[in-house]
Every structure is written in structure tokens, then in C-alpha cells.
>>> print(open('input.txt').read())   # compact mmCIF, C-alpha atoms
# COMPACT_ATOMS: atom_id res chain seq x y z
CA MET C 1 87.53 -1.95 -18.71
CA PRO C 2 87.99 1.78 -19.47
CA ASP C 3 90.71 3.73 -17.64
CA PHE C 4 88.06 6.16 -16.37
CA GLU C 5 84.78 5.03 -14.89
CA GLN C 6 81.84 7.44 -15.04
CA SER C 7 82.44 8.40 -11.42
CA ASP C 8 86.08 9.21 -12.24
CA LEU C 9 85.05 11.48 -15.10
CA ASP C 10 82.47 13.17 -12.87
CA ALA C 11 85.09 13.79 -10.18
CA TYR C 12 87.59 15.17 -12.71
CA LEU C 13 85.08 17.56 -14.27
CA ASP C 14 84.04 18.70 -10.81
CA ARG C 15 87.70 19.31 -9.92
CA ILE C 16 88.18 21.60 -12.92
CA GLY C 17 84.77 23.22 -12.55
CA TRP C 18 83.47 22.19 -15.97
CA GLN C 19 79.68 22.27 -16.13
CA GLY C 20 79.33 22.44 -19.90
CA GLY C 21 78.49 19.78 -22.45
CA ARG C 22 79.98 16.31 -22.60
CA ARG C 23 79.67 15.64 -26.31
CA ALA C 24 82.87 15.02 -28.28
CA GLU C 25 82.86 18.37 -30.08
CA LEU C 26 85.14 21.39 -30.33
CA ALA C 27 83.34 23.46 -27.68
CA THR C 28 83.82 20.65 -25.16
CA LEU C 29 87.51 20.23 -25.99
CA ARG C 30 88.14 23.95 -25.69
CA GLY C 31 86.13 24.29 -22.50
CA VAL C 32 87.66 21.32 -20.71
CA HIS C 33 91.18 22.29 -21.79
CA LEU C 34 90.84 25.85 -20.48
CA ALA C 35 89.11 24.75 -17.27
CA HIS C 36 91.90 22.24 -16.54
CA ALA C 37 94.63 24.80 -17.27
CA LEU C 38 93.06 27.32 -14.89
CA SER C 39 92.27 24.84 -12.12
CA VAL C 40 95.10 22.34 -11.67
CA PRO C 41 98.55 23.77 -10.82
CA PHE C 42 101.86 22.72 -12.31
CA GLU C 43 104.30 21.32 -9.75
CA ASN C 44 107.24 18.94 -9.45
CA LEU C 45 107.20 18.15 -5.72
CA ASP C 46 107.49 14.37 -6.13
CA ALA C 47 110.68 14.82 -8.15
CA LEU C 48 112.23 16.82 -5.29
CA SER C 49 112.26 13.53 -3.39
CA ALA C 50 113.93 11.80 -6.39
CA ARG C 51 110.74 9.81 -6.91
CA ALA C 52 109.01 9.37 -10.25
CA PRO C 53 105.33 10.25 -9.83
CA SER C 54 102.94 7.48 -10.78
CA LEU C 55 101.07 7.82 -14.07
CA ALA C 56 98.52 5.13 -13.19
CA PRO C 57 94.96 6.45 -13.56
CA ALA C 58 94.00 5.67 -9.96
CA ASP C 59 97.08 7.44 -8.61
CA LEU C 60 96.53 10.50 -10.81
CA LEU C 61 92.97 10.74 -9.56
CA ALA C 62 94.06 10.36 -5.94
CA LYS C 63 96.75 13.02 -6.25
CA MET C 64 95.42 15.63 -8.67
CA VAL C 65 91.66 15.27 -8.43
CA HIS C 66 91.12 14.31 -4.79
CA GLY C 67 94.45 15.16 -3.13
CA GLY C 68 94.92 18.91 -3.50
CA ARG C 69 97.98 18.53 -5.70
CA GLY C 70 99.09 19.33 -9.23
CA GLY C 71 101.69 17.68 -11.40
CA TYR C 72 103.97 18.13 -14.37
CA CYS C 73 103.50 17.39 -18.06
CA TYR C 74 103.23 13.58 -17.94
CA GLU C 75 100.68 13.73 -15.15
CA HIS C 76 98.63 16.62 -16.53
CA ASN C 77 98.41 15.33 -20.06
CA THR C 78 97.79 11.72 -19.05
CA LEU C 79 94.92 12.93 -16.87
CA LEU C 80 93.55 15.07 -19.70
CA ARG C 81 93.90 12.17 -22.16
CA LEU C 82 91.92 9.86 -19.88
CA ALA C 83 89.16 12.45 -19.52
CA LEU C 84 88.99 13.25 -23.24
CA GLU C 85 88.85 9.57 -24.15
CA ALA C 86 86.06 9.07 -21.64
CA LEU C 87 84.23 11.93 -23.38
CA GLY C 88 84.62 10.19 -26.73
CA PHE C 89 87.63 11.95 -28.30
CA PRO C 90 90.30 9.88 -30.10
CA VAL C 91 93.64 10.95 -28.57
CA THR C 92 97.23 10.20 -29.59
CA PRO C 93 100.08 11.03 -27.17
CA LEU C 94 103.02 12.93 -28.68
CA ALA C 95 106.47 13.90 -27.39
CA GLY C 96 108.53 16.99 -28.08
CA ARG C 97 111.77 18.79 -27.36
CA VAL C 98 111.61 21.97 -25.31
CA VAL C 99 113.23 24.74 -27.35
CA LEU C 100 112.46 27.62 -24.98
CA GLY C 101 115.86 28.76 -23.77
CA ALA C 102 117.69 26.10 -25.80
CA ALA C 103 120.57 26.77 -28.17
CA THR C 104 118.99 24.75 -31.00
CA PRO C 105 115.85 22.62 -31.42
CA GLN C 106 118.07 19.52 -31.28
CA SER C 107 120.02 20.39 -28.13
CA ARG C 108 117.54 18.76 -25.73
CA PRO C 109 115.94 15.31 -25.67
CA ARG C 110 112.26 14.62 -26.28
CA THR C 111 110.97 14.86 -22.74
CA HIS C 112 107.78 16.90 -23.06
CA ALA C 113 104.37 15.26 -23.49
CA MET C 114 101.42 16.65 -25.43
CA LEU C 115 98.31 15.30 -27.18
CA ARG C 116 96.91 15.08 -30.71
CA VAL C 117 93.13 15.17 -30.42
CA THR C 118 90.69 14.27 -33.19
CA VAL C 119 87.45 16.24 -33.02
CA PRO C 120 84.51 14.61 -34.82
CA GLY C 121 83.32 16.81 -37.67
CA GLU C 122 86.42 19.03 -37.70
CA PRO C 123 88.72 18.99 -40.76
CA GLU C 124 91.97 19.03 -38.75
CA PRO C 125 93.11 17.47 -35.47
CA TYR C 126 94.11 19.69 -32.54
CA LEU C 127 97.18 20.03 -30.36
CA ALA C 128 96.20 19.92 -26.68
CA ASP C 129 98.64 20.46 -23.82
CA VAL C 130 97.85 21.42 -20.21
CA GLY C 131 101.24 20.48 -18.79
CA PHE C 132 103.86 22.85 -20.20
CA GLY C 133 105.67 24.66 -17.40
CA SER C 134 105.88 28.11 -18.95
CA ILE C 135 103.87 31.29 -19.29
CA GLY C 136 103.85 30.50 -23.01
CA ALA C 137 101.82 27.34 -22.37
CA LEU C 138 98.58 26.68 -24.21
CA LEU C 139 95.37 27.59 -22.43
CA ALA C 140 93.26 26.40 -25.35
CA PRO C 141 93.96 23.72 -27.97
CA VAL C 142 95.20 24.84 -31.39
CA PRO C 143 94.48 23.28 -34.79
CA LEU C 144 97.37 21.31 -36.25
CA VAL C 145 97.84 23.68 -39.16
CA THR C 146 101.04 25.63 -39.75
CA GLY C 147 101.05 29.40 -39.97
CA VAL C 148 97.61 29.94 -38.43
CA GLU C 149 97.49 32.20 -35.38
CA SER C 150 95.19 31.07 -32.56
CA GLU C 151 94.01 32.90 -29.45
CA GLY C 152 92.86 31.20 -26.28
CA GLY C 153 92.57 32.44 -22.73
CA GLY C 154 94.27 35.71 -23.68
CA ARG C 155 97.37 34.03 -25.15
CA ARG C 156 98.39 33.87 -28.81
CA HIS C 157 100.01 30.84 -30.41
CA ARG C 158 100.92 29.48 -33.79
CA LEU C 159 102.55 26.37 -35.24
CA MET C 160 105.43 26.79 -37.65
CA PRO C 161 107.45 24.23 -39.64
CA LEU C 162 111.11 23.74 -38.76
CA PRO C 163 113.73 22.37 -41.17
CA HIS C 164 115.39 19.15 -40.04
CA GLN C 165 116.84 15.90 -41.37
CA GLY C 166 114.07 13.50 -40.34
CA PRO C 167 111.37 11.98 -42.56
CA LEU C 168 108.46 13.51 -40.61
CA GLU C 169 107.48 17.17 -40.62
CA LEU C 170 108.80 19.00 -37.57
CA TRP C 171 106.43 21.50 -35.93
CA GLU C 172 107.31 24.27 -33.48
CA LEU C 173 104.76 25.72 -31.11
CA GLN C 174 105.35 29.46 -30.76
CA ALA C 175 103.85 31.86 -28.24
CA TYR C 176 103.63 35.61 -28.67
CA ASP C 177 105.73 37.46 -26.09
CA ARG C 178 103.94 40.72 -25.29
CA GLN C 179 106.90 42.24 -23.51
CA LYS C 180 109.29 41.71 -26.42
CA GLY C 181 106.71 42.01 -29.19
CA GLU C 182 107.87 38.83 -30.89
CA TRP C 183 107.14 35.13 -31.30
CA ALA C 184 109.08 32.70 -29.12
CA GLY C 185 109.47 28.96 -29.71
CA GLN C 186 108.19 26.75 -26.89
CA TYR C 187 108.76 23.18 -28.09
CA ALA C 188 109.23 21.19 -31.29
CA PHE C 189 107.58 17.89 -32.17
CA THR C 190 106.58 15.50 -34.93
CA LEU C 191 103.31 13.61 -35.17
CA GLU C 192 104.94 10.27 -34.37
CA PRO C 193 102.75 8.54 -31.74
CA PHE C 194 104.20 7.58 -28.36
CA THR C 195 102.96 5.05 -25.81
CA ALA C 196 102.51 4.92 -22.06
CA ARG C 197 105.72 2.85 -21.85
CA ASP C 198 107.67 5.64 -23.53
CA PHE C 199 106.41 8.17 -21.00
CA GLU C 200 107.28 5.87 -18.09
CA VAL C 201 110.91 6.09 -19.23
CA PHE C 202 110.80 9.87 -19.78
CA ASN C 203 109.05 10.34 -16.44
CA TRP C 204 111.67 8.35 -14.55
CA TYR C 205 114.56 10.17 -16.22
CA VAL C 206 113.19 13.67 -15.69
CA SER C 207 112.25 13.09 -12.05
CA THR C 208 115.31 11.15 -10.83
CA ASN C 209 118.30 12.30 -12.88
CA PRO C 210 120.41 14.66 -10.72
CA ARG C 211 121.03 16.85 -13.80
CA SER C 212 117.32 17.44 -14.32
CA PRO C 213 116.12 20.85 -13.09
CA PHE C 214 112.95 19.17 -11.81
CA SER C 215 114.93 17.06 -9.34
CA ARG C 216 116.92 20.03 -8.00
CA ARG C 217 114.45 22.79 -7.09
CA ALA C 218 110.77 23.44 -6.61
CA PHE C 219 108.91 24.73 -9.64
CA LEU C 220 105.27 25.73 -9.21
CA GLN C 221 102.91 27.50 -11.60
CA ARG C 222 99.33 28.68 -11.49
CA THR C 223 97.40 30.47 -14.20
CA ALA C 224 94.32 32.62 -13.65
CA ALA C 225 92.37 34.87 -15.98
CA GLU C 226 94.16 37.98 -14.75
CA ARG C 227 97.65 36.70 -13.89
CA HIS C 228 100.24 33.95 -14.07
CA LEU C 229 102.26 32.95 -10.99
CA SER C 230 105.47 30.96 -10.85
CA LEU C 231 107.73 29.91 -8.00
CA ASP C 232 111.15 28.87 -9.31
CA GLY C 233 113.21 27.89 -6.29
CA SER C 234 112.76 30.96 -4.09
CA LEU C 235 111.85 33.41 -6.88
CA LEU C 236 108.15 34.24 -6.98
CA THR C 237 107.07 35.92 -10.23
CA GLU C 238 103.68 37.41 -11.02
CA THR C 239 102.90 38.30 -14.63
CA ARG C 240 99.71 40.29 -15.07
CA ALA C 241 97.38 40.11 -18.04
CA ASP C 242 98.71 43.47 -19.29
CA GLY C 243 102.26 42.06 -19.40
CA THR C 244 103.63 43.77 -16.29
CA VAL C 245 105.90 41.61 -14.14
CA ALA C 246 106.62 41.70 -10.40
CA GLU C 247 109.24 39.55 -8.69
CA ARG C 248 110.26 38.90 -5.10
CA ARG C 249 112.18 36.31 -3.11
CA VAL C 250 110.50 33.91 -0.71
CA THR C 251 112.76 34.09 2.30
CA ASN C 252 112.03 31.01 4.40
CA GLU C 253 110.38 27.60 4.39
CA ALA C 254 107.29 28.66 6.32
CA GLU C 255 106.57 31.41 3.82
CA ALA C 256 107.20 29.05 0.90
CA ARG C 257 104.67 26.54 2.24
CA ARG C 258 102.13 29.32 2.83
CA VAL C 259 102.60 30.64 -0.72
CA ALA C 260 102.24 27.12 -2.13
CA ALA C 261 98.97 26.62 -0.26
CA GLU C 262 97.40 30.07 -0.63
CA GLU C 263 98.65 31.20 -4.04
CA PHE C 264 99.06 27.91 -5.89
CA GLY C 265 96.47 25.75 -4.16
CA ILE C 266 99.00 23.00 -3.48
CA ALA C 267 98.95 20.86 -0.35
CA VAL C 268 102.68 20.35 0.22
CA PRO C 269 103.45 16.89 1.66
CA GLU C 270 104.71 16.75 5.22
CA GLY C 271 108.49 16.44 5.47
CA LEU C 272 109.17 17.97 2.04
CA THR C 273 111.44 21.00 1.96
CA LEU C 274 110.55 23.49 -0.77
CA LEU C 275 113.54 25.80 -0.58
CA GLY C 276 116.20 23.10 -0.17
>>> encode(input="input.txt", output="C-alpha cells")
Amino acid sequence: MPDFEQSDLDAYLDRIGWQGGRRAELATLRGVHLAHALSVPFENLDALSARAPSLAPADLLAKMVHGGRGGYCYEHNTLLRLALEALGFPVTPLAGRVVLGAATPQSRPRTHAMLRVTVPGEPEPYLADVGFGSIGALLAPVPLVTGVESEGGGRRHRLMPLPHQGPLELWELQAYDRQKGEWAGQYAFTLEPFTARDFEVFNWYVSTNPRSPFSRRAFLQRTAAERHLSLDGSLLTETRADGTVAERRVTNEAEARRVAAEEFGIAVPEGLTLLG
């Protein structure tokens, strides 16, 4: 039995507002990827209760498609994988190390999830990722080719090789930082395939370890065509399409819940404290 029934796929595509084609081709991959990125917010609210969010298809549908919630990388990219497979795309889950803000590419464990997607008729597979919690996140998939600049949703990305000691080629996803006028590494990965069991372990560690930032403070993100919003603890940041940035502090719990609902489209569970 497939992970997604036809009714599940219909509900998912309705949630992200995709009314385009359903053939396994590049236009569909690009359209679904962008629609998901602009429709489903990034959030870690389950981890604030020291609870690993379920990655079961039925639970992802209940939470992110029907429940007015978002999720973080394991949830987002599992949901996207299920939808793409239902549309006929071969998909391989990958795992990477976040290098954004890290001292070296090796200083953090592999805890980020992304997808390698084969597109029938295309010479190269694509990197797809709708779950990276950063303004440098992909809005559109990029071909798995080093040194080629790609634009999608107003953001510029490229993949570059990184030297390392392993037997597999190490790739780094870089995003162009308009404010600084330079390329910034986001995460590094190899093309080694990972399984659902691997992500169950990563998911549990990231959501329950007291040293994980996701278990210590709320982190919400929402991307629109004209702006990117993030709430990191009490700091609300708006980055406009022209690169200008505005910041302010959310001062109390009532305001935080209102901002989550009105600005991020997130139905915060009863009893959860956002500001801690």
C-alpha cells in the first residue's frame, strides 16, 4: 500500500495551493517545491515540549495538512517526499551538516534532512529541500551540479565541492547574501542515501536533547514572495525582498501567540508557552 492515497495527495496539493500539472516532470517539481515553501511554515513547537514529532504519514497529514501547523526539516521533507513519490518521482533521502554559523563543516553532526530527486528526462538529479530553517533556504530545487548558479523564488544558490577525507564527494549548498554581497555556506552533504530509521534517531536527538536549540526556544519562519519572517525566541525579524531588515522584540505571551497565528499561520497548541 502506498504511503499516500490519492485523497492524501489531493489534500496536500490543496494545502499548498498547487493547481498545476501532476506529471513527473521538472515544471511539477519546481512548482510543488515553491508552493510548499511559501505555504507551510517552519516551526519547532513539539520540541519545546521535549517531544519528538511523529514522522508517520498519517500524523504528518493530520498536523501539517489538516491541523494548521508547520514543522521542521524531518517533517517538511518527509511530507514532500511522500507527495513527490505519489506524483511519480524517484526520491532518495539525504542528510547533511549545517555549516551556517559553524566553525568548520565538521563541527556539527549530520542532523539536517534533504532530498535527491530524479526527474524523468533530465540529465541530472535535483536537490530539493523545503525544511531548512534559514533565510538562505531553497525555494526551488537546484540541479546536483557543482559551480552552477540557480535562481528560484528570488533567491540565488549554488553547489560547491568541499575538500574532506571521506570517499564520497562532499557538496556545500551556498546562498547569496544580498546584504554582504557574498556567498554563504548553508549545509554540507554527500549523496549517501539515508533511511526513515536514520531520521527517527536524528529527530529524537534534535527534539529532546537539552543542548539542542530546538528544545530550548521557539523558532518560527514564514516565507512570502515579498518578505521572510522569523521568530527566534522573542526576536521577530522581517527581511524584505530588497534586503532591508527590521527587528523588534515580542514582549509577552499573548502577543507571541497572536504573531504566531496572524503572521506565521500557526495554530499554537493550548498549554504551550512560546516565550518560556
>>> closest_residue(input="input.txt", among="C:Tyr187, C:Val99, C:Arg227, C:Leu55", to="C:Arg155", atoms="all atoms listed in the file")
C:Arg227
>>> atom_distance(input="input.txt", atom1="atom CA of C:Glu262", atom2="atom CA of C:Ala175")
28.4 Å
>>> closest_residue(input="input.txt", among="C:Gln221, C:Thr92, C:Ser212, C:Ser134", to="C:Leu191", atoms="all atoms listed in the file")
C:Thr92
>>> atom_distance(input="input.txt", atom1="atom CA of C:Ser150", atom2="atom CA of C:Asp242")
18.5 Å
>>> atom_distance(input="input.txt", atom1="atom CA of C:Leu87", atom2="atom CA of C:Lys63")
21.2 Å
>>> residues_around(input="input.txt", residues="C:Pro90", least_positions_apart="4", cutoff="10 Å", atoms="only C-alpha atoms", output="list of chain:residue names")
C:Ala24, C:Arg81, C:Leu84, C:Glu85, C:Ala86, C:Arg116, C:Val117, C:Thr118, C:Val119, C:Pro120, C:Pro125
>>> residues_around(input="input.txt", residues="C:Asn44", least_positions_apart="3", cutoff="12 Å", atoms="all atoms listed in the file", output="ChimeraX atom specification")
/C:41,47-53,69-76,131-133,203,206-208,212-221,231-233,266,268-269,272,274
>>> residues_around(input="input.txt", residues="C:His36", least_positions_apart="5", cutoff="10 Å", atoms="all atoms listed in the file", output="list in words")
Tyr12, Leu13, Arg15, Ile16, Gly17, Trp18, Gly31, Pro41, His76, Leu79, Leu80, Val130, Gly131, Leu139 and Ala140 of chain C
